[in-house]
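File shown: my_file_21.pdb (PDB, C-alpha atoms).
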ATOM      1  CA  MET A1030       0.000   0.000   0.000
ATOM      2  CA  GLU A1031       1.312   3.423  -0.924
ATOM      3  CA  ARG A1032       2.372   5.495   2.083
ATOM      4  CA  PHE A1033       1.781   9.198   2.384
ATOM      5  CA  ASN A1034       2.262  11.849   5.042
ATOM      6  CA  LEU A1035       0.176  14.873   6.036
ATOM      7  CA  ASP A1036       1.466  17.929   7.825
ATOM      8  CA  ARG A1037      -0.637  19.346  10.688
ATOM      9  CA  ARG A1038      -2.217  22.109   8.588
ATOM     10  CA  SER A1039      -3.299  19.699   5.844
ATOM     11  CA  PHE A1040      -4.659  17.223   8.389
ATOM     12  CA  LEU A1041      -6.787  19.889  10.130
ATOM     13  CA  LYS A1042      -8.138  21.147   6.795
ATOM     14  CA  ALA A1043      -9.117  17.632   5.744
ATOM     15  CA  ALA A1044     -10.641  16.832   9.138
ATOM     16  CA  GLY A1045     -12.685  20.027   9.051
ATOM     17  CA  SER A1046     -13.994  19.210   5.604
ATOM     18  CA  ILE A1047     -14.950  15.678   6.544
ATOM     19  CA  SER A1048     -16.705  16.835   9.734
ATOM     20  CA  ALA A1049     -18.964  19.024   7.605
ATOM     21  CA  LEU A1050     -20.215  16.030   5.630
ATOM     22  CA  SER A1051     -22.789  15.003   8.189
ATOM     23  CA  VAL A1052     -23.569  16.827  11.396
ATOM     24  CA  ALA A1053     -26.396  15.637  13.666
ATOM     25  CA  GLY A1054     -27.827  13.665  10.777
ATOM     26  CA  VAL A1055     -27.692  16.497   8.237
ATOM     27  CA  GLY A1056     -25.794  15.466   5.093
ATOM     28  CA  LEU A1057     -24.120  17.604   2.452
ATOM     29  CA  VAL A1058     -24.307  16.631  -1.209
ATOM     30  CA  GLY A1059     -21.805  17.504  -3.930
ATOM     31  CA  GLN A1060     -18.763  17.821  -1.680
ATOM     32  CA  PRO A1061     -15.551  19.293  -3.072
ATOM     33  CA  ARG A1062     -12.904  16.729  -3.897
ATOM     34  CA  SER A1063     -10.757  17.724  -0.912
ATOM     35  CA  ALA A1064     -13.427  16.320   1.428
ATOM     36  CA  TYR A1065     -13.077  12.782   0.097
ATOM     37  CA  ALA A1066     -10.551  10.112   0.913
ATOM     38  CA  ASN A1067      -9.763   7.260  -1.455
ATOM     39  CA  GLU A1068     -12.930   6.302  -3.361
ATOM     40  CA  GLY A1069     -12.556   2.701  -2.279
ATOM     41  CA  ALA A1070     -11.893   3.484   1.380
ATOM     42  CA  PHE A1071     -15.519   3.937   2.373
ATOM     43  CA  PRO A1072     -18.165   1.428   1.219
ATOM     44  CA  GLU A1073     -21.723   2.534   0.557
ATOM     45  CA  GLN A1074     -23.612   3.170   3.789
ATOM     46  CA  LYS A1075     -26.087   0.401   4.551
ATOM     47  CA  TYR A1076     -26.605   0.870   8.278
ATOM     48  CA  GLY A1077     -26.856   3.696  10.789
ATOM     49  CA  GLN A1078     -29.332   6.479  11.264
ATOM     50  CA  PRO A1079     -31.419   7.896   8.433
ATOM     51  CA  LEU A1080     -30.556  11.434   7.378
ATOM     52  CA  GLU A1081     -32.902  14.173   8.501
ATOM     53  CA  ALA A1082     -32.103  16.341   5.514
ATOM     54  CA  THR A1083     -29.540  17.056   2.821
ATOM     55  CA  VAL A1084     -28.058  20.480   2.140
ATOM     56  CA  ASP A1085     -26.281  21.576  -1.025
ATOM     57  CA  PRO A1086     -23.032  23.217   0.181
ATOM     58  CA  ALA A1087     -22.946  25.713  -2.694
ATOM     59  CA  THR A1088     -26.553  26.870  -2.935
ATOM     60  CA  GLY A1089     -27.842  25.978   0.516
ATOM     61  CA  LYS A1090     -30.783  24.130  -1.047
ATOM     62  CA  LEU A1091     -32.493  22.086   1.655
ATOM     63  CA  GLU A1092     -34.294  18.776   1.118
ATOM     64  CA  VAL A1093     -35.978  17.365   4.232
ATOM     65  CA  ASN A1094     -36.482  13.639   4.718
ATOM     66  CA  GLU A1095     -40.189  13.369   5.551
ATOM     67  CA  GLU A1096     -39.671   9.926   7.083
ATOM     68  CA  VAL A1097     -37.838  11.526  10.015
ATOM     69  CA  VAL A1098     -39.521  13.774  12.589
ATOM     70  CA  VAL A1099     -37.476  16.303  14.589
ATOM     71  CA  ARG A1100     -38.755  17.746  17.864
ATOM     72  CA  TYR A1101     -37.114  20.295  20.146
ATOM     73  CA  SER A1102     -37.312  19.971  23.902
ATOM     74  CA  ALA A1103     -35.273  20.390  27.100
ATOM     75  CA  CYS A1104     -32.847  17.953  28.687
ATOM     76  CA  LEU A1105     -33.387  16.684  32.238
ATOM     77  CA  GLY A1106     -30.053  14.897  32.458
ATOM     78  CA  CYS A1107     -28.856  17.425  35.067
ATOM     79  CA  TYR A1108     -29.760  20.826  36.488
ATOM     80  CA  SER A1109     -28.317  22.822  33.580
ATOM     81  CA  SER A1110     -31.606  22.398  31.668
ATOM     82  CA  CYS A1111     -29.953  22.522  28.257
ATOM     83  CA  GLY A1112     -31.974  22.116  25.095
ATOM     84  CA  SER A1113     -32.397  18.758  23.396
ATOM     85  CA  ARG A1114     -33.184  17.794  19.834
ATOM     86  CA  LEU A1115     -35.039  14.528  19.318
ATOM     87  CA  LYS A1116     -35.031  12.579  16.077
ATOM     88  CA  LEU A1117     -37.870  10.085  15.618
ATOM     89  CA  ASP A1118     -39.001   7.648  12.976
ATOM     90  CA  ARG A1119     -42.301   9.000  11.648
ATOM     91  CA  GLN A1120     -43.899   5.629  10.933
ATOM     92  CA  SER A1121     -43.106   3.837  14.198
ATOM     93  CA  GLY A1122     -42.551   6.777  16.545
ATOM     94  CA  ARG A1123     -39.249   5.210  17.646
ATOM     95  CA  LEU A1124     -36.720   7.572  19.185
ATOM     96  CA  ILE A1125     -33.670   7.414  16.930
ATOM     97  CA  SER A1126     -31.283   9.820  18.630
ATOM     98  CA  VAL A1127     -30.915  12.729  21.045
ATOM     99  CA  GLY A1128     -28.737  15.752  20.357
ATOM    100  CA  GLY A1129     -28.311  19.421  21.175
ATOM    101  CA  ASN A1130     -30.835  22.141  20.413
ATOM    102  CA  PRO A1131     -29.600  24.904  18.045
ATOM    103  CA  TYR A1132     -32.187  27.296  19.546
ATOM    104  CA  HIS A1133     -30.750  26.941  23.060
ATOM    105  CA  PRO A1134     -27.902  29.205  24.292
ATOM    106  CA  SER A1135     -26.355  26.316  26.240
ATOM    107  CA  CYS A1136     -26.078  24.192  23.099
ATOM    108  CA  ALA A1137     -25.189  26.458  20.198
ATOM    109  CA  TYR A1138     -23.182  29.566  19.452
ATOM    110  CA  PRO A1139     -24.547  31.700  18.033
ATOM    111  CA  PHE A1140     -27.922  30.204  18.937
ATOM    112  CA  LEU A1141     -31.036  30.699  16.846
ATOM    113  CA  ASN A1142     -33.852  33.000  17.903
ATOM    114  CA  PHE A1143     -37.102  31.194  18.662
ATOM    115  CA  ASP A1144     -38.835  32.818  15.693
ATOM    116  CA  GLU A1145     -36.317  31.407  13.199
ATOM    117  CA  PRO A1146     -37.922  28.779  10.905
ATOM    118  CA  LEU A1147     -37.018  25.116  11.252
ATOM    119  CA  SER A1148     -35.211  25.272   7.920
ATOM    120  CA  GLU A1149     -32.637  27.542   9.593
ATOM    121  CA  ALA A1150     -32.117  24.892  12.261
ATOM    122  CA  TYR A1151     -31.091  22.405   9.581
ATOM    123  CA  LEU A1152     -28.801  24.923   7.911
ATOM    124  CA  SER A1153     -27.226  25.964  11.197
ATOM    125  CA  MET A1154     -25.878  22.427  11.592
ATOM    126  CA  SER A1155     -24.117  22.506   8.232
ATOM    127  CA  TYR A1156     -21.502  24.736   6.659
ATOM    128  CA  ALA A1157     -23.526  25.199   3.501
ATOM    129  CA  SER A1158     -23.715  28.575   1.812
ATOM    130  CA  GLY A1159     -22.085  30.453   4.656
ATOM    131  CA  LYS A1160     -24.302  28.900   7.328
ATOM    132  CA  GLY A1161     -23.236  27.023  10.396
ATOM    133  CA  ASN A1162     -22.765  27.775  14.087
ATOM    134  CA  LEU A1163     -19.417  27.465  15.807
ATOM    135  CA  THR A1164     -21.048  24.927  18.105
ATOM    136  CA  ARG A1165     -23.813  23.366  16.074
ATOM    137  CA  GLY A1166     -26.430  22.279  18.556
ATOM    138  CA  THR A1167     -24.281  20.031  20.744
ATOM    139  CA  SER A1168     -25.078  18.188  23.953
ATOM    140  CA  CYS A1169     -22.898  16.466  26.530
ATOM    141  CA  GLY A1170     -22.614  12.734  27.061
ATOM    142  CA  ARG A1171     -25.152  12.779  29.866
ATOM    143  CA  GLY A1172     -27.648  14.580  27.638
ATOM    144  CA  GLN A1173     -27.199  12.030  24.874
ATOM    145  CA  ALA A1174     -27.508   9.213  27.429
ATOM    146  CA  THR A1175     -31.086  10.268  28.186
ATOM    147  CA  GLN A1176     -31.996   8.115  25.197
ATOM    148  CA  ASP A1177     -30.772   5.084  27.152
ATOM    149  CA  VAL A1178     -32.942   6.109  30.100
ATOM    150  CA  TYR A1179     -35.948   6.387  27.805
ATOM    151  CA  SER A1180     -35.364   2.937  26.316
ATOM    152  CA  GLN A1181     -34.385   1.266  29.618
ATOM    153  CA  PRO A1182     -36.459  -1.953  29.857
ATOM    154  CA  ASP A1183     -36.710  -1.625  33.672
ATOM    155  CA  ARG A1184     -38.026   1.929  33.495
ATOM    156  CA  ILE A1185     -41.149   2.424  35.642
ATOM    157  CA  THR A1186     -44.025   3.562  33.437
ATOM    158  CA  VAL A1187     -47.080   2.707  35.605
ATOM    159  CA  PRO A1188     -47.976   3.298  39.282
ATOM    160  CA  LEU A1189     -46.639   0.657  41.650
ATOM    161  CA  LYS A1190     -48.362  -0.294  44.911
ATOM    162  CA  ARG A1191     -46.737  -2.091  47.825
ATOM    163  CA  ALA A1192     -47.773  -5.763  47.754
ATOM    164  CA  GLY A1193     -46.061  -6.959  50.935
ATOM    165  CA  LYS A1194     -44.691  -5.772  54.252
ATOM    166  CA  ARG A1195     -42.642  -2.605  54.352
ATOM    167  CA  GLY A1196     -39.088  -3.344  53.282
ATOM    168  CA  GLU A1197     -39.883  -6.614  51.513
ATOM    169  CA  GLY A1198     -39.554  -4.996  48.107
ATOM    170  CA  LYS A1199     -42.779  -6.471  46.777
ATOM    171  CA  TRP A1200     -44.771  -4.300  44.371
ATOM    172  CA  LYS A1201     -47.627  -4.670  41.945
ATOM    173  CA  PRO A1202     -48.745  -2.393  39.096
ATOM    174  CA  ILE A1203     -52.082  -0.613  39.368
ATOM    175  CA  SER A1204     -53.948   1.681  36.998
ATOM    176  CA  TRP A1205     -53.831   5.469  37.182
ATOM    177  CA  ASP A1206     -57.553   5.495  38.012
ATOM    178  CA  ASP A1207     -56.963   3.153  40.964
ATOM    179  CA  LEU A1208     -54.085   5.321  42.153
ATOM    180  CA  ILE A1209     -56.200   8.483  42.130
ATOM    181  CA  ARG A1210     -59.136   6.747  43.825
ATOM    182  CA  GLU A1211     -57.066   5.169  46.597
ATOM    183  CA  VAL A1212     -55.002   8.224  47.522
ATOM    184  CA  THR A1213     -58.159  10.378  47.431
ATOM    185  CA  GLU A1214     -60.626   8.165  49.264
ATOM    186  CA  GLY A1215     -58.240   6.134  51.449
ATOM    187  CA  GLY A1216     -59.434   2.970  53.177
ATOM    188  CA  LYS A1217     -57.880  -0.382  53.983
ATOM    189  CA  LEU A1218     -55.485  -0.057  51.081
ATOM    190  CA  PHE A1219     -53.083  -2.837  52.100
ATOM    191  CA  LEU A1220     -55.540  -5.476  53.204
ATOM    192  CA  ASP A1221     -54.213  -7.855  50.549
ATOM    193  CA  ALA A1222     -50.774  -7.481  52.125
ATOM    194  CA  GLY A1223     -52.082  -8.476  55.561
ATOM    195  CA  GLU A1224     -52.493  -4.969  57.032
ATOM    196  CA  ASP A1225     -55.954  -4.431  58.513
ATOM    197  CA  ARG A1226     -55.643  -0.702  59.092
ATOM    198  CA  GLU A1227     -57.386   2.368  57.748
ATOM    199  CA  VAL A1228     -55.315   4.758  55.669
ATOM    200  CA  GLU A1229     -56.568   8.336  55.480
ATOM    201  CA  GLY A1230     -56.950   9.754  52.000
ATOM    202  CA  PHE A1231     -56.850  13.296  50.716
ATOM    203  CA  LEU A1232     -60.567  13.758  51.416
ATOM    204  CA  ALA A1233     -60.122  13.032  55.113
ATOM    205  CA  LEU A1234     -57.249  15.518  55.376
ATOM    206  CA  HIS A1235     -58.823  18.295  53.333
ATOM    207  CA  ASP A1236     -60.004  20.394  56.279
ATOM    208  CA  THR A1237     -58.737  23.956  56.381
ATOM    209  CA  LYS A1238     -60.785  25.031  59.462
ATOM    210  CA  THR A1239     -60.499  22.370  62.164
ATOM    211  CA  PRO A1240     -57.269  22.729  64.202
ATOM    212  CA  MET A1241     -54.909  19.806  63.898
ATOM    213  CA  ASN A1242     -54.357  20.025  67.674
ATOM    214  CA  PRO A1243     -56.563  22.432  69.700
ATOM    215  CA  ASP A1244     -53.850  22.636  72.352
ATOM    216  CA  GLN A1245     -51.305  23.769  69.723
ATOM    217  CA  PRO A1246     -53.133  26.096  67.343
ATOM    218  CA  ASP A1247     -49.816  27.154  65.810
ATOM    219  CA  LEU A1248     -49.739  23.779  64.026
ATOM    220  CA  GLY A1249     -52.567  24.996  61.834
ATOM    221  CA  PRO A1250     -55.562  23.094  60.439
ATOM    222  CA  VAL A1251     -55.944  19.390  59.724
ATOM    223  CA  SER A1252     -54.884  19.960  56.133
ATOM    224  CA  ASN A1253     -51.348  20.733  57.305
ATOM    225  CA  GLN A1254     -50.939  16.995  57.880
ATOM    226  CA  PHE A1255     -50.549  16.735  54.126
ATOM    227  CA  VAL A1256     -46.863  17.020  53.187
ATOM    228  CA  MET A1257     -45.577  17.341  49.626
ATOM    229  CA  LEU A1258     -41.991  16.127  49.339
ATOM    230  CA  GLY A1259     -40.532  16.677  45.890
ATOM    231  CA  GLY A1260     -37.237  15.954  44.236
ATOM    232  CA  ARG A1261     -35.629  18.057  41.530
ATOM    233  CA  GLY A1262     -37.464  20.976  39.971
ATOM    234  CA  ASP A1263     -37.949  20.810  36.159
ATOM    235  CA  GLY A1264     -41.576  21.921  36.460
ATOM    236  CA  ARG A1265     -42.724  19.467  39.110
ATOM    237  CA  THR A1266     -41.926  21.851  41.972
ATOM    238  CA  THR A1267     -44.248  24.507  40.534
ATOM    239  CA  ILE A1268     -47.100  22.019  40.081
ATOM    240  CA  GLY A1269     -46.548  20.563  43.552
ATOM    241  CA  THR A1270     -46.533  24.013  45.153
ATOM    242  CA  ARG A1271     -49.795  24.996  43.459
ATOM    243  CA  PHE A1272     -51.483  21.745  44.491
ATOM    244  CA  THR A1273     -50.285  22.012  48.102
ATOM    245  CA  ASN A1274     -51.406  25.619  48.417
ATOM    246  CA  CYS A1275     -54.830  24.812  46.950
ATOM    247  CA  PHE A1276     -55.127  21.835  49.311
ATOM    248  CA  GLY A1277     -54.577  24.158  52.260
ATOM    249  CA  SER A1278     -51.219  22.948  53.539
ATOM    250  CA  LEU A1279     -48.033  24.899  54.137
ATOM    251  CA  ASN A1280     -45.845  21.820  54.027
ATOM    252  CA  GLN A1281     -44.280  21.660  50.609
ATOM    253  CA  TYR A1282     -40.551  21.248  50.212
ATOM    254  CA  GLY A1283     -38.055  19.596  47.943
ATOM    255  CA  HIS A1284     -34.690  17.918  48.164
ATOM    256  CA  GLY A1285     -32.498  17.593  45.108
ATOM    257  CA  ALA A1286     -30.633  14.534  46.373
ATOM    258  CA  THR A1287     -33.766  12.398  46.555
TER     259      THR A1287
END
For this file, produce the structure as structure tokens.
Amino acid sequence: MERFNLDRRSFLKAAGSISALSVAGVGLVGQPRSAYANEGAFPEQKYGQPLEATVDPATGKLEVNEEVVVRYSACLGCYSSCGSRLKLDRQSGRLISVGGNPYHPSCAYPFLNFDEPLSEAYLSMSYASGKGNLTRGTSCGRGQATQDVYSQPDRITVPLKRAGKRGEGKWKPISWDDLIREVTEGGKLFLDAGEDREVEGFLALHDTKTPMNPDQPDLGPVSNQFVMLGGRGDGRTTIGTRFTNCFGSLNQYGHGAT
């Protein structure tokens, strides 16, 4: 095999050209010859992710692949709340990949304004026709790993109710309707698990006038026995606070390490 050497400048120029071929699933057609290696070095692509769109590097002409759906959201991988860009298969709804959001200041520089059309989002992740951000909608490894969390086979997707003694680790799935009914109405909720005791529901605690303890009026009404303990924020804290206030309890707090 013929040997050849590249100096640092030539290597960086070639690497930069190759990196522009496909960024976040956006391909460029009609590449200049300098962007290609040996014609026989790369076989025709038969596997991998489908392209979202192709962009002509000279004219900037955009052709979107209608079989792929792109949605923009926010990442909950950590507290930075960066943007995320989700690529889905239109026919099956399968999540193909997770990447950075070009509209989000934590993911792209310069980032796109919210009123920019989606076509600009495609172009911002290419170097076609003078387009392209310095950081083209990127996300960290944790952000990209949220796809693994979503597809985790042991992920809990339905309510679970204790099916044994406390600490035994026995659980059974119940419906959302059963969950709402049981926590609202209460009753002997764990009779099947051998516990013949009455559990108060939300209805029994929703009393904003009767003192919890007449001898200690500073404890407030019966409704203060309801406690909302939340974890991280990402919207749930706001909803929990509104519910707790409407219920008539002052006891809402969160703890990020939960």
I need the output of the PyMOL selection byres ((chain A and resi 1096-1108) around 10) for this file as a PyMOL selection string; which residues are they? chain A and resi 1078-1082+1093-1095+1109-1133+1147+1168-1175+1178+1261-1263+1285
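Taking all atoms listed in the file into account, Asn1253 of chain A lies nearest to A:Ser1278 out of the set A:Ser1278, A:Gly1269, A:Glu1092, A:Leu1152.
For the residues A:Gly1166, A:Tyr1156, A:Pro1202, A:Asn1242, ranking by smallest atom-to-atom distance to Leu1141 of chain A using all atoms listed in the file places A:Gly1166 first.
For the residues A:Val1084, A:Thr1273, A:Met1241, A:Ala1150, ranking by smallest atom-to-atom distance to Leu1258 of chain A using all atoms listed in the file places A:Thr1273 first.
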Separation of atom CA of Glu1145 of chain A from atom CA of Thr1167 of chain A in Å: 18.2 Å
Contact residues around Met1257 of chain A with only C-alpha atoms at 10 Å, ignoring same-chain residues under 3 positions, as number ranges by chain: A: 1254, 1266, 1269-1270, 1272-1273, 1278-1283
Could you save those same residues with C-alpha atoms as a PDB file, in the frame of the given file?
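Okay, result06.pdb is ready:
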ATOM      1  CA  GLN A1254     -50.939  16.995  57.880  1.00  0.00           C
ATOM      2  CA  THR A1266     -41.926  21.851  41.972  1.00  0.00           C
ATOM      3  CA  GLY A1269     -46.548  20.563  43.552  1.00  0.00           C
ATOM      4  CA  THR A1270     -46.533  24.013  45.153  1.00  0.00           C
ATOM      5  CA  PHE A1272     -51.483  21.745  44.491  1.00  0.00           C
ATOM      6  CA  THR A1273     -50.285  22.012  48.102  1.00  0.00           C
ATOM      7  CA  SER A1278     -51.219  22.948  53.539  1.00  0.00           C
ATOM      8  CA  LEU A1279     -48.033  24.899  54.137  1.00  0.00           C
ATOM      9  CA  ASN A1280     -45.845  21.820  54.027  1.00  0.00           C
ATOM     10  CA  GLN A1281     -44.280  21.660  50.609  1.00  0.00           C
ATOM     11  CA  TYR A1282     -40.551  21.248  50.212  1.00  0.00           C
ATOM     12  CA  GLY A1283     -38.055  19.596  47.943  1.00  0.00           C
TER      13      GLY A1283
END
